[in-house]
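J.: Below is final_21.tsv; it holds TSV, C-alpha atoms.
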```
chain	number	residue	atom	x	y	z
P	1	MET	CA	-9.65	-16.43	-137.03
P	2	ARG	CA	-7.70	-17.24	-133.86
P	3	ILE	CA	-9.65	-17.74	-130.66
P	4	ASN	CA	-8.11	-16.70	-127.38
P	5	VAL	CA	-8.92	-19.79	-125.32
P	6	THR	CA	-7.88	-18.13	-122.07
P	7	ALA	CA	-10.16	-15.14	-122.63
P	8	VAL	CA	-13.09	-17.43	-123.41
P	9	PHE	CA	-12.44	-19.48	-120.26
P	10	VAL	CA	-12.28	-16.38	-118.05
P	11	THR	CA	-15.48	-14.99	-119.57
P	12	LEU	CA	-17.34	-18.26	-118.98
P	13	TRP	CA	-16.01	-18.45	-115.42
P	14	LEU	CA	-17.24	-14.92	-114.66
P	15	LEU	CA	-20.66	-15.73	-116.09
P	16	LEU	CA	-21.07	-19.05	-114.30
P	17	THR	CA	-19.56	-18.18	-110.93
P	18	PRO	CA	-22.04	-16.11	-108.87
P	19	ASN	CA	-19.51	-14.31	-106.67
P	20	ALA	CA	-16.73	-14.03	-109.23
P	21	ALA	CA	-17.50	-10.41	-110.01
P	22	ALA	CA	-16.89	-8.47	-106.81
P	23	GLN	CA	-19.99	-6.92	-105.29
P	24	LYS	CA	-19.82	-3.13	-105.18
P	25	GLN	CA	-23.18	-2.11	-103.68
P	26	PHE	CA	-23.95	-2.82	-100.04
P	27	THR	CA	-26.65	-1.92	-97.55
P	28	VAL	CA	-25.59	-0.98	-94.03
P	29	GLY	CA	-28.23	-1.41	-91.34
P	30	THR	CA	-28.20	1.37	-88.75
P	31	GLU	CA	-30.28	2.50	-85.78
P	32	ASP	CA	-33.22	4.75	-86.66
P	33	LEU	CA	-32.39	7.35	-84.05
P	34	ASN	CA	-30.26	10.43	-83.66
P	35	PHE	CA	-27.06	9.43	-81.86
P	36	TYR	CA	-25.13	12.49	-82.96
P	37	PRO	CA	-22.19	13.17	-82.89
P	38	HIS	CA	-21.47	9.43	-83.16
P	39	TYR	CA	-23.95	9.01	-86.02
P	40	ASP	CA	-27.30	10.10	-87.37
P	41	PHE	CA	-28.59	8.16	-90.36
P	42	THR	CA	-32.13	9.52	-90.00
P	43	ALA	CA	-31.40	13.04	-91.31
P	44	THR	CA	-30.34	14.17	-94.76
P	45	ASP	CA	-29.07	17.60	-93.71
P	46	ARG	CA	-26.42	16.46	-91.23
P	47	HIS	CA	-24.26	13.43	-90.56
P	48	GLY	CA	-22.01	12.20	-87.81
P	49	PHE	CA	-18.63	10.61	-87.24
P	50	ALA	CA	-19.62	7.08	-88.36
P	51	ASN	CA	-21.46	8.39	-91.42
P	52	GLU	CA	-18.25	10.01	-92.64
P	53	VAL	CA	-15.96	7.08	-91.75
P	54	LEU	CA	-18.13	4.57	-93.63
P	55	ARG	CA	-18.50	6.83	-96.65
P	56	LEU	CA	-14.75	7.44	-96.73
P	57	PHE	CA	-14.11	3.70	-96.65
P	58	ALA	CA	-16.63	3.09	-99.44
P	59	ALA	CA	-15.09	5.80	-101.62
P	60	THR	CA	-11.59	4.44	-101.00
P	61	HIS	CA	-12.56	1.02	-102.38
P	62	GLY	CA	-15.06	2.08	-105.04
P	63	TYR	CA	-18.06	0.74	-103.11
P	64	GLN	CA	-21.52	2.22	-102.89
P	65	PHE	CA	-22.99	2.16	-99.39
P	66	SER	CA	-26.66	2.80	-98.77
P	67	PHE	CA	-27.90	3.12	-95.20
P	68	GLN	CA	-31.08	1.52	-93.88
P	69	PRO	CA	-32.23	2.94	-90.51
P	70	LEU	CA	-34.23	0.37	-88.53
P	71	PRO	CA	-35.74	0.15	-85.04
P	72	VAL	CA	-33.01	-0.94	-82.63
P	73	LYS	CA	-34.76	-4.15	-81.59
P	74	ARG	CA	-35.30	-5.16	-85.24
P	75	LEU	CA	-31.93	-4.12	-86.65
P	76	TYR	CA	-29.87	-7.08	-85.42
P	77	HIS	CA	-32.36	-9.59	-86.85
P	78	GLU	CA	-32.05	-8.24	-90.41
P	79	LEU	CA	-28.46	-9.27	-91.13
P	80	ASP	CA	-28.51	-11.51	-94.23
P	81	ASN	CA	-32.10	-10.47	-94.94
P	82	LEU	CA	-32.41	-6.76	-95.51
P	83	VAL	CA	-28.83	-5.60	-94.87
P	84	ASP	CA	-25.24	-6.68	-95.63
P	85	PHE	CA	-23.63	-4.97	-92.63
P	86	ILE	CA	-24.65	-3.52	-89.28
P	87	TYR	CA	-23.24	-0.47	-87.51
P	88	PRO	CA	-22.83	-0.13	-84.61
P	89	ASP	CA	-22.42	-3.65	-83.28
P	90	ASN	CA	-20.50	-5.39	-80.52
P	91	PRO	CA	-19.66	-9.09	-79.93
P	92	ASN	CA	-21.25	-9.01	-76.45
P	93	TRP	CA	-24.66	-7.78	-77.61
P	94	ALA	CA	-25.83	-10.97	-79.35
P	95	LYS	CA	-26.64	-12.75	-76.07
P	96	TYR	CA	-29.14	-10.01	-75.21
P	97	GLN	CA	-30.70	-9.87	-78.69
P	98	ASN	CA	-31.58	-13.50	-79.48
P	99	SER	CA	-30.22	-12.73	-82.95
P	100	GLN	CA	-27.51	-13.77	-85.40
P	101	ALA	CA	-24.77	-15.10	-83.11
P	102	SER	CA	-22.39	-16.10	-85.92
P	103	ARG	CA	-21.76	-12.62	-87.24
P	104	LEU	CA	-18.21	-11.38	-87.82
P	105	PHE	CA	-16.88	-8.12	-86.38
P	106	SER	CA	-14.40	-5.50	-87.51
P	107	ASP	CA	-11.76	-4.01	-85.28
P	108	PRO	CA	-13.10	-1.24	-82.99
P	109	VAL	CA	-14.04	1.96	-84.80
P	110	ILE	CA	-14.62	4.09	-81.69
P	111	TYR	CA	-15.78	3.67	-78.10
P	112	ASN	CA	-19.20	4.37	-76.60
P	113	LEU	CA	-18.90	5.97	-73.16
P	114	GLY	CA	-22.00	4.84	-71.30
P	115	SER	CA	-22.60	7.25	-68.44
P	116	THR	CA	-25.30	8.19	-65.97
P	117	MET	CA	-26.03	11.91	-66.28
P	118	VAL	CA	-27.37	13.64	-63.17
P	119	LEU	CA	-27.83	17.13	-61.74
P	120	PRO	CA	-24.60	18.53	-60.21
P	121	GLU	CA	-25.97	18.21	-56.67
P	122	ASN	CA	-26.35	14.45	-57.29
P	123	GLN	CA	-22.85	13.92	-58.69
P	124	HIS	CA	-21.91	11.69	-55.72
P	125	ILE	CA	-25.27	9.96	-55.29
P	126	HIS	CA	-24.95	6.31	-54.25
P	127	LEU	CA	-26.90	3.38	-55.65
P	128	THR	CA	-28.70	3.03	-52.31
P	129	GLN	CA	-30.15	6.53	-52.86
P	130	PHE	CA	-30.82	6.30	-56.59
P	131	ARG	CA	-34.43	5.59	-57.65
P	132	THR	CA	-35.27	6.45	-61.29
P	133	LEU	CA	-33.29	6.08	-64.54
P	134	ALA	CA	-34.21	7.07	-68.11
P	135	VAL	CA	-33.09	4.57	-70.75
P	136	ILE	CA	-33.45	4.90	-74.54
P	137	HIS	CA	-36.04	2.54	-76.03
P	138	GLY	CA	-34.38	-0.49	-77.59
P	139	PHE	CA	-31.09	-0.08	-75.74
P	140	THR	CA	-30.01	-2.66	-73.17
P	141	PRO	CA	-28.46	-1.04	-70.07
P	142	THR	CA	-26.42	-4.14	-69.22
P	143	ALA	CA	-24.48	-2.57	-66.33
P	144	TRP	CA	-27.73	-1.51	-64.68
P	145	LEU	CA	-29.55	-4.79	-65.26
P	146	SER	CA	-26.92	-6.66	-63.28
P	147	LEU	CA	-27.73	-4.47	-60.25
P	148	ARG	CA	-31.53	-4.77	-60.20
P	149	ASP	CA	-31.65	-7.58	-57.66
P	150	LYS	CA	-29.57	-5.67	-55.14
P	151	TYR	CA	-30.77	-2.07	-55.41
P	152	ARG	CA	-34.16	-0.38	-55.58
P	153	PHE	CA	-34.44	1.63	-58.78
P	154	LYS	CA	-36.80	1.73	-61.76
P	155	LEU	CA	-36.02	2.02	-65.46
P	156	TYR	CA	-38.15	4.32	-67.62
P	157	GLU	CA	-37.94	3.85	-71.40
P	158	VAL	CA	-37.89	7.06	-73.45
P	159	PRO	CA	-37.79	7.53	-77.24
P	160	ASN	CA	-34.42	9.25	-77.49
P	161	ALA	CA	-31.48	10.83	-75.68
P	162	VAL	CA	-32.99	14.33	-75.75
P	163	SER	CA	-36.04	13.09	-73.84
P	164	ALA	CA	-33.82	11.35	-71.30
P	165	ILE	CA	-31.69	14.45	-70.72
P	166	ASN	CA	-34.70	16.76	-70.37
P	167	LEU	CA	-36.41	14.54	-67.81
P	168	VAL	CA	-33.35	14.84	-65.58
P	169	LEU	CA	-32.97	18.58	-66.19
P	170	ARG	CA	-36.58	19.05	-65.04
P	171	GLY	CA	-35.97	16.94	-61.96
P	172	GLN	CA	-38.53	14.32	-62.98
P	173	LEU	CA	-36.01	11.46	-62.92
P	174	ASP	CA	-32.78	11.00	-60.98
P	175	GLY	CA	-30.56	10.12	-63.94
P	176	ALA	CA	-30.28	9.36	-67.64
P	177	ASP	CA	-28.34	6.46	-69.15
P	178	VAL	CA	-26.94	8.45	-72.09
P	179	GLU	CA	-23.62	8.19	-73.92
P	180	TYR	CA	-21.27	10.91	-72.69
P	181	ASN	CA	-20.51	12.55	-76.08
P	182	VAL	CA	-24.18	12.50	-77.06
P	183	ALA	CA	-25.15	14.09	-73.74
P	184	GLN	CA	-22.54	16.84	-74.12
P	185	HIS	CA	-23.78	17.67	-77.62
P	186	ILE	CA	-27.40	17.91	-76.45
P	187	LEU	CA	-26.45	20.17	-73.54
P	188	ARG	CA	-24.41	22.41	-75.88
P	189	GLU	CA	-27.34	22.67	-78.30
P	190	GLN	CA	-29.66	23.62	-75.45
P	191	GLN	CA	-27.09	26.11	-74.13
P	192	GLN	CA	-26.95	24.19	-70.85
P	193	GLU	CA	-23.34	23.04	-70.72
P	194	GLY	CA	-22.53	21.81	-67.23
P	195	ALA	CA	-26.21	21.53	-66.25
P	196	LEU	CA	-25.74	17.75	-65.98
P	197	VAL	CA	-22.65	15.83	-64.93
P	198	VAL	CA	-21.50	12.21	-64.85
P	199	ALA	CA	-22.46	10.48	-61.59
P	200	GLN	CA	-19.24	9.36	-59.94
P	201	GLN	CA	-20.63	6.30	-58.11
P	202	LEU	CA	-23.11	5.00	-60.69
P	203	PRO	CA	-22.45	2.59	-63.59
P	204	VAL	CA	-20.09	3.70	-66.34
P	205	THR	CA	-19.22	1.57	-69.37
P	206	ARG	CA	-16.74	1.86	-72.23
P	207	VAL	CA	-17.97	-0.27	-75.14
P	208	SER	CA	-16.37	-0.61	-78.57
P	209	PHE	CA	-18.40	0.04	-81.73
P	210	HIS	CA	-17.78	-2.35	-84.65
P	211	LEU	CA	-18.99	-2.99	-88.19
P	212	SER	CA	-20.45	-6.52	-88.50
P	213	THR	CA	-21.47	-8.95	-91.24
P	214	THR	CA	-22.08	-12.64	-91.83
P	215	ARG	CA	-21.30	-12.97	-95.52
P	216	HIS	CA	-18.69	-10.35	-96.47
P	217	PRO	CA	-15.51	-11.25	-94.53
P	218	GLN	CA	-13.25	-9.93	-97.31
P	219	VAL	CA	-14.82	-6.47	-97.12
P	220	LEU	CA	-14.48	-6.58	-93.33
P	221	GLN	CA	-10.75	-7.31	-93.74
P	222	GLN	CA	-10.48	-4.34	-96.10
P	223	PHE	CA	-12.23	-2.20	-93.51
P	224	ASN	CA	-9.75	-3.28	-90.82
P	225	ARG	CA	-6.85	-2.31	-93.07
P	226	PHE	CA	-8.59	0.99	-93.80
P	227	LEU	CA	-8.85	1.74	-90.06
P	228	LEU	CA	-5.07	1.29	-89.78
P	229	SER	CA	-4.08	3.16	-92.94
P	230	HIS	CA	-6.43	6.11	-92.36
P	231	GLN	CA	-5.79	6.78	-88.67
P	232	GLU	CA	-4.93	10.41	-89.31
P	233	GLN	CA	-8.19	11.09	-91.17
P	234	ILE	CA	-10.22	9.21	-88.55
P	235	SER	CA	-8.59	11.18	-85.73
P	236	ALA	CA	-9.42	14.38	-87.59
P	237	LEU	CA	-13.06	13.31	-87.80
P	238	LYS	CA	-13.14	12.61	-84.05
P	239	HIS	CA	-11.84	16.11	-83.48
P	240	LYS	CA	-14.37	17.57	-85.92
P	241	TYR	CA	-17.26	15.98	-84.04
P	242	GLN	CA	-15.76	16.69	-80.58
P	243	LEU	CA	-15.67	13.00	-79.69
P	244	THR	CA	-13.62	11.65	-76.84
P	245	ASP	CA	-12.84	7.99	-76.19
P	246	ARG	CA	-12.44	8.43	-72.43
P	247	LEU	CA	-14.39	10.18	-69.71
P	248	PRO	CA	-12.69	13.25	-68.25
P	249	GLN	CA	-11.17	12.70	-64.83
```
What would you get if you wrote out this structure as structure tokens?

T.:
Amino acid sequence: MRINVTAVFVTLWLLLTPNAAAQKQFTVGTEDLNFYPHYDFTATDRHGFANEVLRLFAATHGYQFSFQPLPVKRLYHELDNLVDFIYPDNPNWAKYQNSQASRLFSDPVIYNLGSTMVLPENQHIHLTQFRTLAVIHGFTPTAWLSLRDKYRFKLYEVPNAVSAINLVLRGQLDGADVEYNVAQHILREQQQEGALVVAQQLPVTRVSFHLSTTRHPQVLQQFNRFLLSHQEQISALKHKYQLTDRLPQ
């Protein structure tokens, strides 16, 4: 009987080398809140833009992605422990999180339009007049924090974007630090389109959302290539979820 030496060698190498067989199952850590239409990993009956993009990428490469929603303040400390990837992430957030600073980031997937939503009569309110702001628990309003020493306003943590929006609609707070697309969706659902607007003289940010990891750089490279090769499908998903990358002028 002839023995195929090459086949034996390859078999032994696969058995003895831990990472030789490519990993196919991954856990993606996500925020345990409804940030629709960007994403919502807390519900089984509806998804969001990021849910579909990540599932499309996984299907394209034969991967299985499971999603682990976690409290925002805990999420970024679980990379390498509970999860393989994090979404959303941004290179500038690590300094505020006291977390894994060596993580690797994908190319931008989409942009978060941080805006201050106010009643129409306050559209041109100035920082010298502004007093109370709703912020989502766990989020870091970096643009606002840099202004605290100069202006007199208070931050009020709320559990989610819906709570923030409703506090402003009821006139209980001056403004809500809520992502523009998320705010528009909430107002549409409540049949109150136009009831809140973006404050023209208050902080606005445009922050990129990335996929991050510390131990799967090859998969991250595949994801970057996927973002380039599937631009048409990704644009269609943005349209489906009524997402814009820029604030209207």

J.: List as CSV every residue of segment 169-215 of chain P that is in contact with segment 33-54 of chain P, defined as an atom at most 9 Å from one of its atoms (using all atoms listed in the file), together with the nearest atom pair and the distance in Å rounded to one decimal, sorted by chain and then rising number.

T.:
```
residue,atom,partner,partner_atom,distance
P:Glu179,CA,P:Phe35,CA,8.7
P:Asn181,CA,P:Pro37,CA,7.0
P:Val182,CA,P:Tyr36,CA,6.0
P:His185,CA,P:Pro37,CA,7.1
P:Ile186,CA,P:Tyr36,CA,8.8
```

J.: Around (-22.7, -5.5, -90.6) in the file's frame, which residues reach within 8 Å when counting all atoms listed in the file? Return as a tab-separated table (two decimals) with C-alpha atoms, keeping the file's coordinate frame?

T.:
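As a result, selection.tsv now contains:
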```tsv
chain	number	residue	atom	x	y	z
P	28	VAL	CA	-25.59	-0.98	-94.03
P	29	GLY	CA	-28.23	-1.41	-91.34
P	79	LEU	CA	-28.46	-9.27	-91.13
P	83	VAL	CA	-28.83	-5.60	-94.87
P	84	ASP	CA	-25.24	-6.68	-95.63
P	85	PHE	CA	-23.63	-4.97	-92.63
P	86	ILE	CA	-24.65	-3.52	-89.28
P	87	TYR	CA	-23.24	-0.47	-87.51
P	89	ASP	CA	-22.42	-3.65	-83.28
P	103	ARG	CA	-21.76	-12.62	-87.24
P	104	LEU	CA	-18.21	-11.38	-87.82
P	105	PHE	CA	-16.88	-8.12	-86.38
P	211	LEU	CA	-18.99	-2.99	-88.19
P	212	SER	CA	-20.45	-6.52	-88.50
P	213	THR	CA	-21.47	-8.95	-91.24
P	214	THR	CA	-22.08	-12.64	-91.83
```

J.: Can you list, as a CSV table (one decimal) with C-alpha atoms, in the frame of the given file, every protein, DNA or RNA residue that comes within 7 Å of Ala161 of chain P when you count only C-alpha atoms, leaving out same-chain residues fewer than 4 positions away?

T.:
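Okay, result_13.csv is ready:
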```csv
chain,number,residue,atom,x,y,z
P,136,ILE,CA,-33.4,4.9,-74.5
P,165,ILE,CA,-31.7,14.4,-70.7
P,178,VAL,CA,-26.9,8.4,-72.1
```

J.: Hey, which of P:Gln221, P:Thr60, P:Arg206, P:Glu193 ends up closest to Ile110 of chain P? Count all atoms listed in the file.

T.: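 Among P:Gln221, P:Thr60, P:Arg206, P:Glu193, it is P:Arg206 that comes nearest to Ile110 of chain P.
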
J.: At a cut-off of 12 Å from (-29.7, 10.8, -64.0) in the coordinates of the file, what residues are picked up using all atoms listed in the file, written as an MDAnalysis selection string?

T.: chainID P and resid 115:127 129:135 153:156 161 163:179 183 195:203

J.: Would you compute the distance between atom CA of Gln231 of chain P and atom CA of Ser66 of chain P? Give it in Å to one decimal.

T.: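 Atom CA of Gln231 of chain P sits 23.5 Å away from atom CA of Ser66 of chain P.
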
J.: Kindly give the distance, in Å, that separates atom CA of Asn112 of chain P and atom CA of Thr205 of chain P, rounded to a single decimal.

T.: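 Interatomic distance here is 7.8 Å.
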
J.: What does the distance from atom CA of His210 of chain P to atom CA of Leu147 of chain P come to in Å, to one decimal?

T.: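 Computing it gives 26.4 Å between the two atoms.
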
J.: Just checking: using all atoms listed in the file, which residue out of P:Ala58, P:Leu247, P:Leu237, P:Val72 ends up closest to Val204 of chain P?

T.: P:Leu247

J.: Restricting the calculation to all atoms listed in the file: of P:Ala22, P:Leu228, P:Val207, P:Leu56, which residue gets closest to Ala143 of chain P?

T.: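 Checking each candidate against Ala143 of chain P, we get P:Val207 as the closest.
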
J.: Check the smallest atom-to-atom distance from each of P:Glu157, P:Glu31, P:Asp80, P:Asp245 to Leu113 of chain P using only C-alpha atoms, then report the winner.

T.: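 Going through P:Glu157, P:Glu31, P:Asp80, P:Asp245 one by one, the smallest distance to Leu113 of chain P is for P:Asp245.
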
J.: Could you tell me which of P:Arg55, P:Tyr111, P:Asp32, P:Asn90 comes closest to Arg246 of chain P if we count all atoms listed in the file?

T.: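 Using all atoms listed in the file, Arg246 of chain P sits closest to P:Tyr111.
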
J.: Find, counting all atoms listed in the file, the residue in P:Pro159, P:Pro108, P:Pro141, P:Pro69 that gets nearest to Arg225 of chain P.

T.: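 For Arg225 of chain P, the nearest of the candidates is P:Pro108.
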